$ cat coords-v3.pdb   # PDB, C-alpha atoms, pLDDT in the B column
ATOM      1  CA  ALA A1444     -12.586   7.222 -13.754  1.00 84.00           C
ATOM      2  CA  PRO A1445     -11.244   6.699 -17.284  1.00 89.00           C
ATOM      3  CA  GLN A1446     -10.024  10.294 -17.425  1.00 92.00           C
ATOM      4  CA  ARG A1447      -7.567   9.404 -14.643  1.00 95.00           C
ATOM      5  CA  SER A1448      -6.208   6.109 -15.923  1.00 96.00           C
ATOM      6  CA  ARG A1449      -3.926   4.778 -18.659  1.00 96.00           C
ATOM      7  CA  THR A1450      -3.778   1.247 -20.014  1.00 95.00           C
ATOM      8  CA  VAL A1451      -1.840  -1.008 -22.371  1.00 95.00           C
ATOM      9  CA  THR A1452      -3.787  -3.595 -24.361  1.00 94.00           C
ATOM     10  CA  ILE A1453      -2.317  -6.391 -26.466  1.00 94.00           C
ATOM     11  CA  ASP A1454      -4.562  -8.317 -28.838  1.00 93.00           C
ATOM     12  CA  GLY A1455      -7.575  -6.994 -27.003  1.00 92.00           C
ATOM     13  CA  GLN A1456      -6.285  -8.059 -23.585  1.00 93.00           C
ATOM     14  CA  LEU A1457      -5.510  -5.654 -20.767  1.00 94.00           C
ATOM     15  CA  ALA A1458      -1.754  -6.005 -20.216  1.00 96.00           C
ATOM     16  CA  ALA A1459      -0.887  -3.084 -17.923  1.00 96.00           C
ATOM     17  CA  ALA A1460      -2.610  -0.157 -16.233  1.00 97.00           C
ATOM     18  CA  LEU A1461      -2.212   2.699 -13.799  1.00 97.00           C
ATOM     19  CA  TYR A1462      -4.456   5.274 -12.175  1.00 96.00           C
ATOM     20  CA  TRP A1463      -4.119   8.621 -10.426  1.00 97.00           C
ATOM     21  CA  PHE A1464      -5.773  11.106  -8.134  1.00 96.00           C
ATOM     22  CA  ASP A1465      -5.458  14.838  -8.666  1.00 96.00           C
ATOM     23  CA  CYS A1466      -3.706  16.769  -5.906  1.00 96.00           C
ATOM     24  CA  SER A1467      -1.751  20.022  -5.762  1.00 96.00           C
ATOM     25  CA  TYR A1468       1.461  21.610  -4.601  1.00 95.00           C
ATOM     26  CA  LEU A1469       2.021  25.372  -4.561  1.00 92.00           C
ATOM     27  CA  GLU A1470      -1.341  25.701  -6.327  1.00 92.00           C
ATOM     28  CA  LYS A1471      -0.084  23.578  -9.236  1.00 94.00           C
ATOM     29  CA  ARG A1472      -1.712  20.304 -10.203  1.00 95.00           C
ATOM     30  CA  ILE A1473       0.204  17.088  -9.664  1.00 96.00           C
ATOM     31  CA  ALA A1474      -0.859  13.465 -10.160  1.00 97.00           C
ATOM     32  CA  TYR A1475      -0.679  10.864  -7.388  1.00 97.00           C
ATOM     33  CA  LEU A1476      -0.065   7.654  -9.351  1.00 97.00           C
ATOM     34  CA  TYR A1477      -1.195   4.416  -7.744  1.00 94.00           C
ATOM     35  CA  ALA A1478      -1.910   0.762  -8.585  1.00 93.00           C
ATOM     36  CA  VAL A1479       0.687   0.627 -11.357  1.00 95.00           C
ATOM     37  CA  ALA A1480       0.467  -3.011 -12.455  1.00 95.00           C
ATOM     38  CA  THR A1481       1.333  -5.403 -15.277  1.00 96.00           C
ATOM     39  CA  ALA A1482      -0.557  -8.655 -15.823  1.00 95.00           C
ATOM     40  CA  LYS A1483       1.604 -11.672 -15.022  1.00 94.00           C
ATOM     41  CA  ALA A1484       1.604 -12.988 -18.605  1.00 93.00           C
ATOM     42  CA  TYR A1485       3.044  -9.706 -19.923  1.00 94.00           C
ATOM     43  CA  ARG A1486       5.782  -8.954 -17.409  1.00 93.00           C
ATOM     44  CA  ARG A1487       9.468  -8.447 -18.267  1.00 92.00           C
ATOM     45  CA  GLN A1488       8.590  -6.915 -21.646  1.00 92.00           C
ATOM     46  CA  GLY A1489       9.181  -3.273 -20.715  1.00 93.00           C
ATOM     47  CA  LEU A1490       5.472  -2.443 -20.640  1.00 95.00           C
ATOM     48  CA  CYS A1491       5.664  -0.618 -17.305  1.00 95.00           C
ATOM     49  CA  HIS A1492       8.394   1.720 -18.583  1.00 95.00           C
ATOM     50  CA  ARG A1493       6.435   2.388 -21.774  1.00 95.00           C
ATOM     51  CA  LEU A1494       3.231   3.000 -19.851  1.00 97.00           C
ATOM     52  CA  MET A1495       4.932   5.378 -17.428  1.00 97.00           C
ATOM     53  CA  ASN A1496       6.623   7.314 -20.228  1.00 96.00           C
ATOM     54  CA  ASP A1497       3.328   7.611 -22.072  1.00 96.00           C
ATOM     55  CA  THR A1498       1.594   8.748 -18.876  1.00 97.00           C
ATOM     56  CA  HIS A1499       4.235  11.419 -18.245  1.00 97.00           C
ATOM     57  CA  ARG A1500       3.712  12.701 -21.780  1.00 97.00           C
ATOM     58  CA  HIS A1501      -0.068  12.746 -21.300  1.00 97.00           C
ATOM     59  CA  LEU A1502       0.134  14.497 -17.921  1.00 97.00           C
ATOM     60  CA  ARG A1503       2.492  17.135 -19.300  1.00 96.00           C
ATOM     61  CA  GLU A1504       0.055  17.811 -22.153  1.00 96.00           C
ATOM     62  CA  GLN A1505      -2.757  18.158 -19.610  1.00 95.00           C
ATOM     63  CA  GLY A1506      -0.837  20.788 -17.645  1.00 95.00           C
ATOM     64  CA  TYR A1507       0.325  18.761 -14.669  1.00 96.00           C
ATOM     65  CA  ALA A1508       3.465  20.018 -12.934  1.00 96.00           C
ATOM     66  CA  GLY A1509       4.607  16.596 -11.736  1.00 97.00           C
ATOM     67  CA  ALA A1510       3.757  13.068 -10.667  1.00 97.00           C
ATOM     68  CA  ILE A1511       4.139  11.523  -7.219  1.00 98.00           C
ATOM     69  CA  LEU A1512       3.923   7.904  -6.081  1.00 97.00           C
ATOM     70  CA  VAL A1513       4.599   5.688  -3.065  1.00 97.00           C
ATOM     71  CA  PRO A1514       6.658   2.556  -3.835  1.00 95.00           C
ATOM     72  CA  GLY A1515       5.691  -0.502  -1.829  1.00 91.00           C
ATOM     73  CA  SER A1516       9.145  -2.088  -1.615  1.00 92.00           C
ATOM     74  CA  LYS A1517      12.879  -1.421  -1.951  1.00 93.00           C
ATOM     75  CA  ALA A1518      12.821  -2.996  -5.415  1.00 94.00           C
ATOM     76  CA  LEU A1519      10.137  -0.534  -6.524  1.00 94.00           C
ATOM     77  CA  PHE A1520      12.113   2.413  -5.179  1.00 96.00           C
ATOM     78  CA  ASP A1521      14.939   1.214  -7.428  1.00 96.00           C
ATOM     79  CA  LEU A1522      12.584   0.672 -10.386  1.00 94.00           C
ATOM     80  CA  TYR A1523      11.079   4.149 -10.248  1.00 96.00           C
ATOM     81  CA  GLY A1524      14.474   5.671  -9.536  1.00 96.00           C
ATOM     82  CA  GLY A1525      15.557   4.281 -12.897  1.00 95.00           C
ATOM     83  CA  MET A1526      12.643   6.142 -14.494  1.00 95.00           C
ATOM     84  CA  GLY A1527      13.755   9.489 -13.086  1.00 96.00           C
ATOM     85  CA  TYR A1528      11.761   9.585  -9.843  1.00 97.00           C
ATOM     86  CA  ARG A1529      13.507  10.932  -6.749  1.00 97.00           C
ATOM     87  CA  VAL A1530      12.611  10.496  -3.083  1.00 97.00           C
ATOM     88  CA  CYS A1531      10.889  13.680  -1.948  1.00 96.00           C
ATOM     89  CA  SER A1532       9.165  12.765   1.310  1.00 96.00           C
ATOM     90  CA  ASP A1533      10.028  10.752   4.409  1.00 96.00           C
ATOM     91  CA  VAL A1534       7.629   9.745   7.169  1.00 96.00           C
ATOM     92  CA  ALA A1535       7.808   8.544  10.744  1.00 96.00           C
ATOM     93  CA  SER A1536       5.784   5.809  12.439  1.00 96.00           C
ATOM     94  CA  ILE A1537       4.451   5.691  16.000  1.00 97.00           C
ATOM     95  CA  SER A1538       3.328   2.448  17.651  1.00 97.00           C
ATOM     96  CA  CYS A1539       1.775   2.611  21.096  1.00 97.00           C
ATOM     97  CA  SER A1540      -0.702   1.158  23.567  1.00 97.00           C
ATOM     98  CA  GLY A1541      -3.701   3.144  24.655  1.00 96.00           C
ATOM     99  CA  GLU A1542      -3.235   5.313  27.732  1.00 96.00           C
ATOM    100  CA  GLY A1543      -5.002   8.427  29.034  1.00 97.00           C
ATOM    101  CA  ARG A1544      -7.774  10.552  27.570  1.00 97.00           C
ATOM    102  CA  VAL A1545      -7.885  13.492  25.158  1.00 97.00           C
ATOM    103  CA  ASP A1546     -10.600  15.669  23.679  1.00 97.00           C
ATOM    104  CA  CYS A1547     -11.348  14.226  20.243  1.00 96.00           C
ATOM    105  CA  ARG A1548     -14.341  14.444  17.932  1.00 97.00           C
ATOM    106  CA  THR A1549     -15.240  13.139  14.500  1.00 98.00           C
ATOM    107  CA  ILE A1550     -15.537  15.593  11.636  1.00 98.00           C
ATOM    108  CA  ASP A1551     -16.614  15.326   8.022  1.00 97.00           C
ATOM    109  CA  LYS A1552     -14.281  15.408   5.030  1.00 96.00           C
ATOM    110  CA  GLY A1553     -15.089  19.045   4.283  1.00 96.00           C
ATOM    111  CA  GLU A1554     -13.951  20.263   7.697  1.00 97.00           C
ATOM    112  CA  TYR A1555     -10.994  17.906   7.532  1.00 97.00           C
ATOM    113  CA  ALA A1556      -9.858  19.402   4.208  1.00 97.00           C
ATOM    114  CA  VAL A1557      -9.990  22.942   5.612  1.00 97.00           C
ATOM    115  CA  LEU A1558      -8.117  22.068   8.804  1.00 97.00           C
ATOM    116  CA  ARG A1559      -5.546  19.927   7.020  1.00 97.00           C
ATOM    117  CA  ARG A1560      -4.399  22.891   4.933  1.00 96.00           C
ATOM    118  CA  THR A1561      -3.608  24.774   8.134  1.00 96.00           C
ATOM    119  CA  MET A1562      -1.662  21.870   9.664  1.00 96.00           C
ATOM    120  CA  LEU A1563       0.323  20.580   6.700  1.00 96.00           C
ATOM    121  CA  PRO A1564       4.105  20.831   7.125  1.00 94.00           C
ATOM    122  CA  PRO A1565       5.910  23.242   4.788  1.00 93.00           C
ATOM    123  CA  GLY A1566       6.201  21.697   1.349  1.00 94.00           C
ATOM    124  CA  GLY A1567       3.103  19.550   1.880  1.00 96.00           C
ATOM    125  CA  VAL A1568       0.923  18.195  -0.918  1.00 97.00           C
ATOM    126  CA  VAL A1569      -2.767  19.133  -0.740  1.00 97.00           C
ATOM    127  CA  GLN A1570      -4.959  16.047  -1.198  1.00 96.00           C
ATOM    128  CA  GLU A1571      -8.659  16.851  -1.430  1.00 95.00           C
ATOM    129  CA  GLY A1572     -11.558  16.141  -3.809  1.00 93.00           C
ATOM    130  CA  GLU A1573     -11.551  12.521  -4.924  1.00 92.00           C
ATOM    131  CA  ASN A1574      -8.683  11.794  -2.496  1.00 93.00           C
ATOM    132  CA  LEU A1575     -10.953  12.399   0.487  1.00 94.00           C
ATOM    133  CA  ASP A1576     -13.957  10.816  -1.262  1.00 93.00           C
ATOM    134  CA  PHE A1577     -11.922   7.614  -1.495  1.00 91.00           C
ATOM    135  CA  LEU A1578     -10.394   7.929   1.964  1.00 91.00           C
ATOM    136  CA  GLU A1579     -13.833   8.404   3.514  1.00 92.00           C
ATOM    137  CA  ARG A1580     -14.696   4.813   2.512  1.00 91.00           C
ATOM    138  CA  GLN A1581     -11.866   3.342   4.585  1.00 89.00           C
ATOM    139  CA  ALA A1582     -11.249   5.785   7.440  1.00 94.00           C
ATOM    140  CA  GLN A1583     -12.804   8.376   9.711  1.00 96.00           C
ATOM    141  CA  PHE A1584     -11.633  11.915  10.356  1.00 97.00           C
ATOM    142  CA  TYR A1585     -10.922  13.294  13.832  1.00 98.00           C
ATOM    143  CA  VAL A1586      -9.790  16.573  15.343  1.00 98.00           C
ATOM    144  CA  GLY A1587      -8.444  17.417  18.800  1.00 97.00           C
ATOM    145  CA  PRO A1588      -7.151  20.558  20.479  1.00 96.00           C
ATOM    146  CA  ASP A1589      -3.829  20.384  18.634  1.00 97.00           C
ATOM    147  CA  PHE A1590      -3.986  17.434  16.244  1.00 98.00           C
ATOM    148  CA  LEU A1591      -5.737  16.151  13.138  1.00 98.00           C
ATOM    149  CA  LEU A1592      -6.174  12.472  12.331  1.00 98.00           C
ATOM    150  CA  ALA A1593      -7.411  10.156   9.584  1.00 97.00           C
ATOM    151  CA  ALA A1594      -7.691   6.622  10.953  1.00 97.00           C
ATOM    152  CA  ARG A1595      -9.590   3.348  10.807  1.00 95.00           C
ATOM    153  CA  ARG A1596     -10.278   0.738  13.444  1.00 94.00           C
ATOM    154  CA  GLU A1597      -9.099  -2.809  12.827  1.00 94.00           C
ATOM    155  CA  GLY A1598     -10.623  -4.705  15.736  1.00 94.00           C
ATOM    156  CA  GLU A1599      -8.936  -3.363  18.877  1.00 96.00           C
ATOM    157  CA  HIS A1600      -6.187  -1.716  16.824  1.00 98.00           C
ATOM    158  CA  LEU A1601      -6.278   1.853  15.500  1.00 98.00           C
ATOM    159  CA  HIS A1602      -4.503   2.393  12.183  1.00 97.00           C
ATOM    160  CA  GLY A1603      -3.687   6.066  11.713  1.00 96.00           C
ATOM    161  CA  LEU A1604      -3.185   6.862   8.040  1.00 95.00           C
ATOM    162  CA  GLU A1605      -1.998  10.363   8.935  1.00 96.00           C
ATOM    163  CA  LEU A1606      -1.548  12.174  12.238  1.00 98.00           C
ATOM    164  CA  LEU A1607      -0.729  15.880  12.015  1.00 97.00           C
ATOM    165  CA  GLY A1608       0.092  18.208  14.889  1.00 97.00           C
ATOM    166  CA  ASN A1609       0.757  16.947  18.409  1.00 97.00           C
ATOM    167  CA  THR A1610       2.016  13.394  17.892  1.00 96.00           C
ATOM    168  CA  SER A1611       2.554  12.926  21.638  1.00 96.00           C
ATOM    169  CA  ALA A1612      -1.241  12.589  21.923  1.00 97.00           C
ATOM    170  CA  ALA A1613      -1.117   9.233  20.094  1.00 98.00           C
ATOM    171  CA  ALA A1614      -1.503   6.973  23.163  1.00 98.00           C
ATOM    172  CA  ALA A1615      -4.394   9.048  24.519  1.00 98.00           C
ATOM    173  CA  ILE A1616      -6.088   9.037  21.108  1.00 98.00           C
ATOM    174  CA  VAL A1617      -5.932   5.234  21.030  1.00 98.00           C
ATOM    175  CA  SER A1618      -7.671   4.803  24.394  1.00 97.00           C
ATOM    176  CA  THR A1619     -10.147   7.631  23.789  1.00 97.00           C
ATOM    177  CA  LEU A1620     -11.318   5.902  20.612  1.00 97.00           C
ATOM    178  CA  GLY A1621     -11.755   2.621  22.484  1.00 96.00           C
ATOM    179  CA  CYS A1622      -8.748   0.720  21.118  1.00 97.00           C
ATOM    180  CA  GLN A1623      -5.963  -1.215  22.822  1.00 97.00           C
ATOM    181  CA  SER A1624      -3.108  -0.361  20.447  1.00 98.00           C
ATOM    182  CA  GLY A1625      -2.367   1.960  17.586  1.00 98.00           C
ATOM    183  CA  GLN A1626       0.051   2.758  14.812  1.00 97.00           C
ATOM    184  CA  PHE A1627       0.252   6.196  13.216  1.00 97.00           C
ATOM    185  CA  ARG A1628       1.996   7.587  10.145  1.00 96.00           C
ATOM    186  CA  THR A1629       3.267  11.121  10.785  1.00 96.00           C
ATOM    187  CA  PRO A1630       5.640  13.659   9.228  1.00 96.00           C
ATOM    188  CA  GLY A1631       9.211  12.693  10.087  1.00 94.00           C
ATOM    189  CA  HIS A1632      12.370  11.077   8.816  1.00 94.00           C
ATOM    190  CA  ASP A1633      12.219   7.402   9.794  1.00 94.00           C
ATOM    191  CA  ARG A1634      12.015   6.058   6.249  1.00 95.00           C
ATOM    192  CA  PRO A1635      11.666   7.165   2.619  1.00 96.00           C
ATOM    193  CA  PHE A1636       8.029   7.283   1.569  1.00 96.00           C
ATOM    194  CA  ALA A1637       7.142   9.134  -1.643  1.00 97.00           C
ATOM    195  CA  MET A1638       8.966   9.784  -4.926  1.00 97.00           C
ATOM    196  CA  TYR A1639       8.444  12.688  -7.312  1.00 97.00           C
ATOM    197  CA  TYR A1640       8.883  13.143 -11.054  1.00 97.00           C
ATOM    198  CA  SER A1641       8.949  16.739 -12.290  1.00 96.00           C
ATOM    199  CA  LEU A1642       7.140  17.475 -15.532  1.00 95.00           C
ATOM    200  CA  GLY A1643       8.585  20.991 -15.621  1.00 87.00           C
ATOM    201  CA  ASP A1644      11.053  23.088 -13.655  1.00 77.00           C
ATOM    202  CA  GLU A1645       9.098  23.240 -10.407  1.00 77.00           C
ATOM    203  CA  CYS A1646      10.580  22.343  -7.026  1.00 86.00           C
ATOM    204  CA  ALA A1647       9.537  19.003  -5.594  1.00 93.00           C
ATOM    205  CA  PRO A1648       7.234  18.839  -2.568  1.00 95.00           C
ATOM    206  CA  THR A1649       8.792  17.710   0.700  1.00 95.00           C
ATOM    207  CA  TYR A1650       5.812  16.058   2.417  1.00 96.00           C
ATOM    208  CA  PHE A1651       3.216  13.635   1.066  1.00 96.00           C
ATOM    209  CA  GLY A1652       0.787  12.262   3.607  1.00 87.00           C
ATOM    210  CA  PHE A1653      -1.852   9.910   2.270  1.00 86.00           C
ATOM    211  CA  ALA A1654      -1.113   6.678   0.510  1.00 87.00           C
ATOM    212  CA  PHE A1655      -4.112   4.482  -0.125  1.00 79.00           C
ATOM    213  CA  ASP A1656      -2.442   1.324   1.111  1.00 69.00           C
TER     214      ASP A1656
END
$ encode --input "coords-v3.pdb" --output "structure tokens"
Amino acid sequence: APQRSRTVTIDGQLAAALYWFDCSYLEKRIAYLYAVATAKAYRRQGLCHRLMNDTHRHLREQGYAGAILVPGSKALFDLYGGMGYRVCSDVASISCSGEGRVDCRTIDKGEYAVLRRTMLPPGGVVQEGENLDFLERQAQFYVGPDFLLAARREGEHLHGLELLGNTSAAAAIVSTLGCQSGQFRTPGHDRPFAMYYSLGDECAPTYFGFAFD
């Protein structure tokens, strides 16, 4: 999707690149930046900073209200903090063994998108369209009486990319879906997760759920 990517080339060689998915907050468009990378031969030359600054300029011109990203390490939190990003969303993590049973059925991405809007915490970022098109390739969508889940099986382990609603159902979800153990990312305050860069005067979101990690 060239309309959602930016690159740096030097002497015809790709030196750095980034990509984004469109999402929204308070009905305003924001960009979820991911896979920000610099080729090994071109590192420590300031290309990432230049690429990010150029991307912010481009996004502002295209009417985006902000950019959000999920750093993969403490060093990257520091790096993006130096570029003006601020932590906007924390998450919690649940690890458990399977136990019990719960009503749970698979749903398609369309139904998931509709239900997710009703279960997002206040301040949540809406991730639909190409976000769910991509997520559908690596996870399945489930709904229960009081929860919503995007997850994938990894052998006997269930990896929950996002569990909304009744998190106490986690152990029963694991066994119902035929797994021995599970780990779920949920709204909470265990650790910093996402960082936000405002391209205007809008308030930052307070919950970002999906990271395509």
$ closest_residue --input "coords-v3.pdb" --among "A:Glu1599, A:Asp1551, A:Asp1521, A:Asp1497" --to "Arg1449 in chain A" --atoms "only C-alpha atoms"
A:Asp1497
$ closest_residue --input "coords-v3.pdb" --among "A:Leu1558, A:Met1526, A:Leu1519, A:Cys1539" --to "Ala1613 in chain A" --atoms "only C-alpha atoms"
A:Cys1539
$ closest_residue --input "coords-v3.pdb" --among "A:Leu1604, A:Val1557, A:Ala1654, A:Ala1474" --to "Ser1641 in chain A" --atoms "all atoms listed in the file"
A:Ala1474
$ resolve_selection --input "coords-v3.pdb" --expression "the PyMOL selection byres ((chain A and resi 1595) around 12)" --output "list in words"
Thr1549, Leu1578, Glu1579, Arg1580, Gln1581, Ala1582, Gln1583, Phe1584, Tyr1585, Leu1592, Ala1593, Ala1594, Arg1596, Glu1597, Gly1598, Glu1599, His1600, Leu1601, His1602, Gly1603, Leu1604, Glu1605, Val1617, Leu1620, Gly1621, Cys1622, Gly1625, Gln1626 and Phe1627 of chain A
$ closest_residue --input "coords-v3.pdb" --among "A:Leu1457, A:Leu1563, A:Leu1606, A:Ala1444" --to "Ile1537 in chain A" --atoms "all atoms listed in the file"
A:Leu1606
$ closest_residue --input "coords-v3.pdb" --among "A:Gly1543, A:Met1638, A:Gly1566, A:Asp1465" --to "Leu1502 in chain A" --atoms "all atoms listed in the file"
A:Asp1465
$ atom_distance --input "coords-v3.pdb" --atom1 "CA of Gly1515 in chain A" --atom2 "CA of Gly1541 in chain A"
28.3 Å
$ residues_near_point --input "coords-v3.pdb" --point "(8.0, 4.5, 12.0)" --cutoff "8 Å" --atoms "all atoms listed in the file" --output "list in words"
Val1534, Ala1535, Ser1536, Ile1537, Ser1538, Arg1628, Asp1633 and Arg1634 of chain A
$ write_last_selection --input "coords-v3.pdb" --atoms "C-alpha atoms" --output "mmCIF file, keeping the file's coordinate frame"
data_model
loop_
_atom_site.group_PDB
_atom_site.id
_atom_site.type_symbol
_atom_site.label_atom_id
_atom_site.label_comp_id
_atom_site.auth_asym_id
_atom_site.auth_seq_id
_atom_site.Cartn_x
_atom_site.Cartn_y
_atom_site.Cartn_z
ATOM 1 C CA VAL A 1534 7.629 9.745 7.169
ATOM 2 C CA ALA A 1535 7.808 8.544 10.744
ATOM 3 C CA SER A 1536 5.784 5.809 12.439
ATOM 4 C CA ILE A 1537 4.451 5.691 16.000
ATOM 5 C CA SER A 1538 3.328 2.448 17.651
ATOM 6 C CA ARG A 1628 1.996 7.587 10.145
ATOM 7 C CA ASP A 1633 12.219 7.402 9.794
ATOM 8 C CA ARG A 1634 12.015 6.058 6.249
#
$ atom_distance --input "coords-v3.pdb" --atom1 "CA of Ile1550 in chain A" --atom2 "CA of Gly1587 in chain A"
10.2 Å
$ residues_around --input "coords-v3.pdb" --residues "Leu1522 in chain A" --least-positions-apart "3" --cutoff "12 Å" --atoms "all atoms listed in the file" --output "list of chain:residue names"
A:Val1479, A:Gly1489, A:Cys1491, A:His1492, A:Met1495, A:Val1513, A:Pro1514, A:Gly1515, A:Ser1516, A:Lys1517, A:Ala1518, A:Leu1519, A:Gly1525, A:Met1526, A:Gly1527, A:Tyr1528, A:Arg1529, A:Met1638
$ closest_residue --input "coords-v3.pdb" --among "A:Phe1590, A:Tyr1523, A:Tyr1485, A:Phe1655" --to "Tyr1639 in chain A" --atoms "all atoms listed in the file"
A:Tyr1523
$ axis_aligned_box --input "coords-v3.pdb" --around "range 1627-1637 of chain A" --padding-each-side "5 Å" --output "lines of an AutoDock Vina configuration file"
center_x = 6.3
center_y = 9.9
center_z = 5.8
size_x = 22.1
size_y = 17.6
size_z = 24.9
$ atom_distance --input "coords-v3.pdb" --atom1 "CA of Leu1591 in chain A" --atom2 "CA of Cys1646 in chain A"
26.7 Å
$ residues_around --input "coords-v3.pdb" --residues "Asp1533 in chain A" --least-positions-apart "5" --cutoff "6 Å" --atoms "all atoms listed in the file" --output "mmCIF file with C-alpha atoms, in the frame of the given file"
data_model
loop_
_atom_site.group_PDB
_atom_site.id
_atom_site.type_symbol
_atom_site.label_atom_id
_atom_site.label_comp_id
_atom_site.auth_asym_id
_atom_site.auth_seq_id
_atom_site.Cartn_x
_atom_site.Cartn_y
_atom_site.Cartn_z
ATOM 1 C CA HIS A 1632 12.370 11.077 8.816
ATOM 2 C CA ARG A 1634 12.015 6.058 6.249
ATOM 3 C CA PRO A 1635 11.666 7.165 2.619
ATOM 4 C CA PHE A 1636 8.029 7.283 1.569
#
$ residues_around --input "coords-v3.pdb" --residues "range 1568-1575 of chain A" --least-positions-apart "5" --cutoff "9 Å" --atoms "only C-alpha atoms" --output "list of chain:residue names"
A:Phe1464, A:Asp1465, A:Cys1466, A:Ser1467, A:Tyr1468, A:Leu1469, A:Glu1470, A:Ile1473, A:Lys1552, A:Gly1553, A:Tyr1555, A:Ala1556, A:Arg1559, A:Arg1560, A:Leu1563, A:Arg1580, A:Pro1648, A:Thr1649, A:Tyr1650, A:Phe1651, A:Gly1652, A:Phe1653, A:Phe1655
$ resolve_selection --input "coords-v3.pdb" --expression "the PyMOL selection byres ((chain A and resi 1545) around 8)" --output "number ranges by chain"
A: 1543-1544, 1546-1547, 1587, 1612, 1615-1616, 1619
$ resolve_selection --input "coords-v3.pdb" --expression "the PyMOL selection byres ((chain A and resi 1509) around 6)" --output "list in words"
Ile1473, Tyr1507, Ala1508, Ala1510, Tyr1640, Ser1641 and Leu1642 of chain A
$ decode --input "coords-v3.pdb" --residues "range 1567-1581 of chain A" --atoms "N, CA and C atoms" --output "PDB file, in the first residue's frame"
ATOM      1  N   GLY A1567     -10.917   4.904  23.655  1.00  0.00           N
ATOM      2  CA  GLY A1567     -10.354   3.858  22.814  1.00  0.00           C
ATOM      3  C   GLY A1567     -10.243   4.244  21.353  1.00  0.00           C
ATOM      4  N   VAL A1568      -9.208   3.720  20.699  1.00  0.00           N
ATOM      5  CA  VAL A1568      -8.987   3.935  19.272  1.00  0.00           C
ATOM      6  C   VAL A1568      -9.763   2.883  18.489  1.00  0.00           C
ATOM      7  N   VAL A1569     -10.499   3.321  17.473  1.00  0.00           N
ATOM      8  CA  VAL A1569     -11.239   2.416  16.599  1.00  0.00           C
ATOM      9  C   VAL A1569     -10.303   1.923  15.502  1.00  0.00           C
ATOM     10  N   GLN A1570     -10.142   0.604  15.420  1.00  0.00           N
ATOM     11  CA  GLN A1570      -9.273  -0.013  14.412  1.00  0.00           C
ATOM     12  C   GLN A1570     -10.119  -0.953  13.564  1.00  0.00           C
ATOM     13  N   GLU A1571     -10.422  -0.541  12.357  1.00  0.00           N
ATOM     14  CA  GLU A1571     -11.263  -1.329  11.463  1.00  0.00           C
ATOM     15  C   GLU A1571     -10.615  -1.359  10.084  1.00  0.00           C
ATOM     16  N   GLY A1572     -11.404  -1.594   9.031  1.00  0.00           N
ATOM     17  CA  GLY A1572     -10.871  -1.567   7.673  1.00  0.00           C
ATOM     18  C   GLY A1572      -9.670  -2.477   7.503  1.00  0.00           C
ATOM     19  N   GLU A1573      -8.572  -1.898   7.003  1.00  0.00           N
ATOM     20  CA  GLU A1573      -7.381  -2.702   6.733  1.00  0.00           C
ATOM     21  C   GLU A1573      -6.768  -3.282   7.997  1.00  0.00           C
ATOM     22  N   ASN A1574      -7.041  -2.680   9.173  1.00  0.00           N
ATOM     23  CA  ASN A1574      -6.584  -3.266  10.434  1.00  0.00           C
ATOM     24  C   ASN A1574      -7.142  -4.682  10.608  1.00  0.00           C
ATOM     25  N   LEU A1575      -8.436  -4.839  10.430  1.00  0.00           N
ATOM     26  CA  LEU A1575      -9.057  -6.141  10.608  1.00  0.00           C
ATOM     27  C   LEU A1575      -8.782  -7.060   9.423  1.00  0.00           C
ATOM     28  N   ASP A1576      -8.600  -6.497   8.222  1.00  0.00           N
ATOM     29  CA  ASP A1576      -8.196  -7.319   7.079  1.00  0.00           C
ATOM     30  C   ASP A1576      -6.870  -8.004   7.376  1.00  0.00           C
ATOM     31  N   PHE A1577      -5.936  -7.255   7.949  1.00  0.00           N
ATOM     32  CA  PHE A1577      -4.624  -7.796   8.289  1.00  0.00           C
ATOM     33  C   PHE A1577      -4.734  -8.770   9.454  1.00  0.00           C
ATOM     34  N   LEU A1578      -5.480  -8.372  10.491  1.00  0.00           N
ATOM     35  CA  LEU A1578      -5.598  -9.202  11.676  1.00  0.00           C
ATOM     36  C   LEU A1578      -6.248 -10.542  11.364  1.00  0.00           C
ATOM     37  N   GLU A1579      -7.161 -10.544  10.400  1.00  0.00           N
ATOM     38  CA  GLU A1579      -7.870 -11.769  10.033  1.00  0.00           C
ATOM     39  C   GLU A1579      -6.911 -12.850   9.532  1.00  0.00           C
ATOM     40  N   ARG A1580      -5.750 -12.452   9.019  1.00  0.00           N
ATOM     41  CA  ARG A1580      -4.775 -13.412   8.495  1.00  0.00           C
ATOM     42  C   ARG A1580      -3.990 -14.107   9.604  1.00  0.00           C
ATOM     43  N   GLN A1581      -4.034 -13.561  10.822  1.00  0.00           N
ATOM     44  CA  GLN A1581      -3.229 -14.143  11.893  1.00  0.00           C
ATOM     45  C   GLN A1581      -4.024 -14.460  13.147  1.00  0.00           C
TER      46      GLN A1581
END
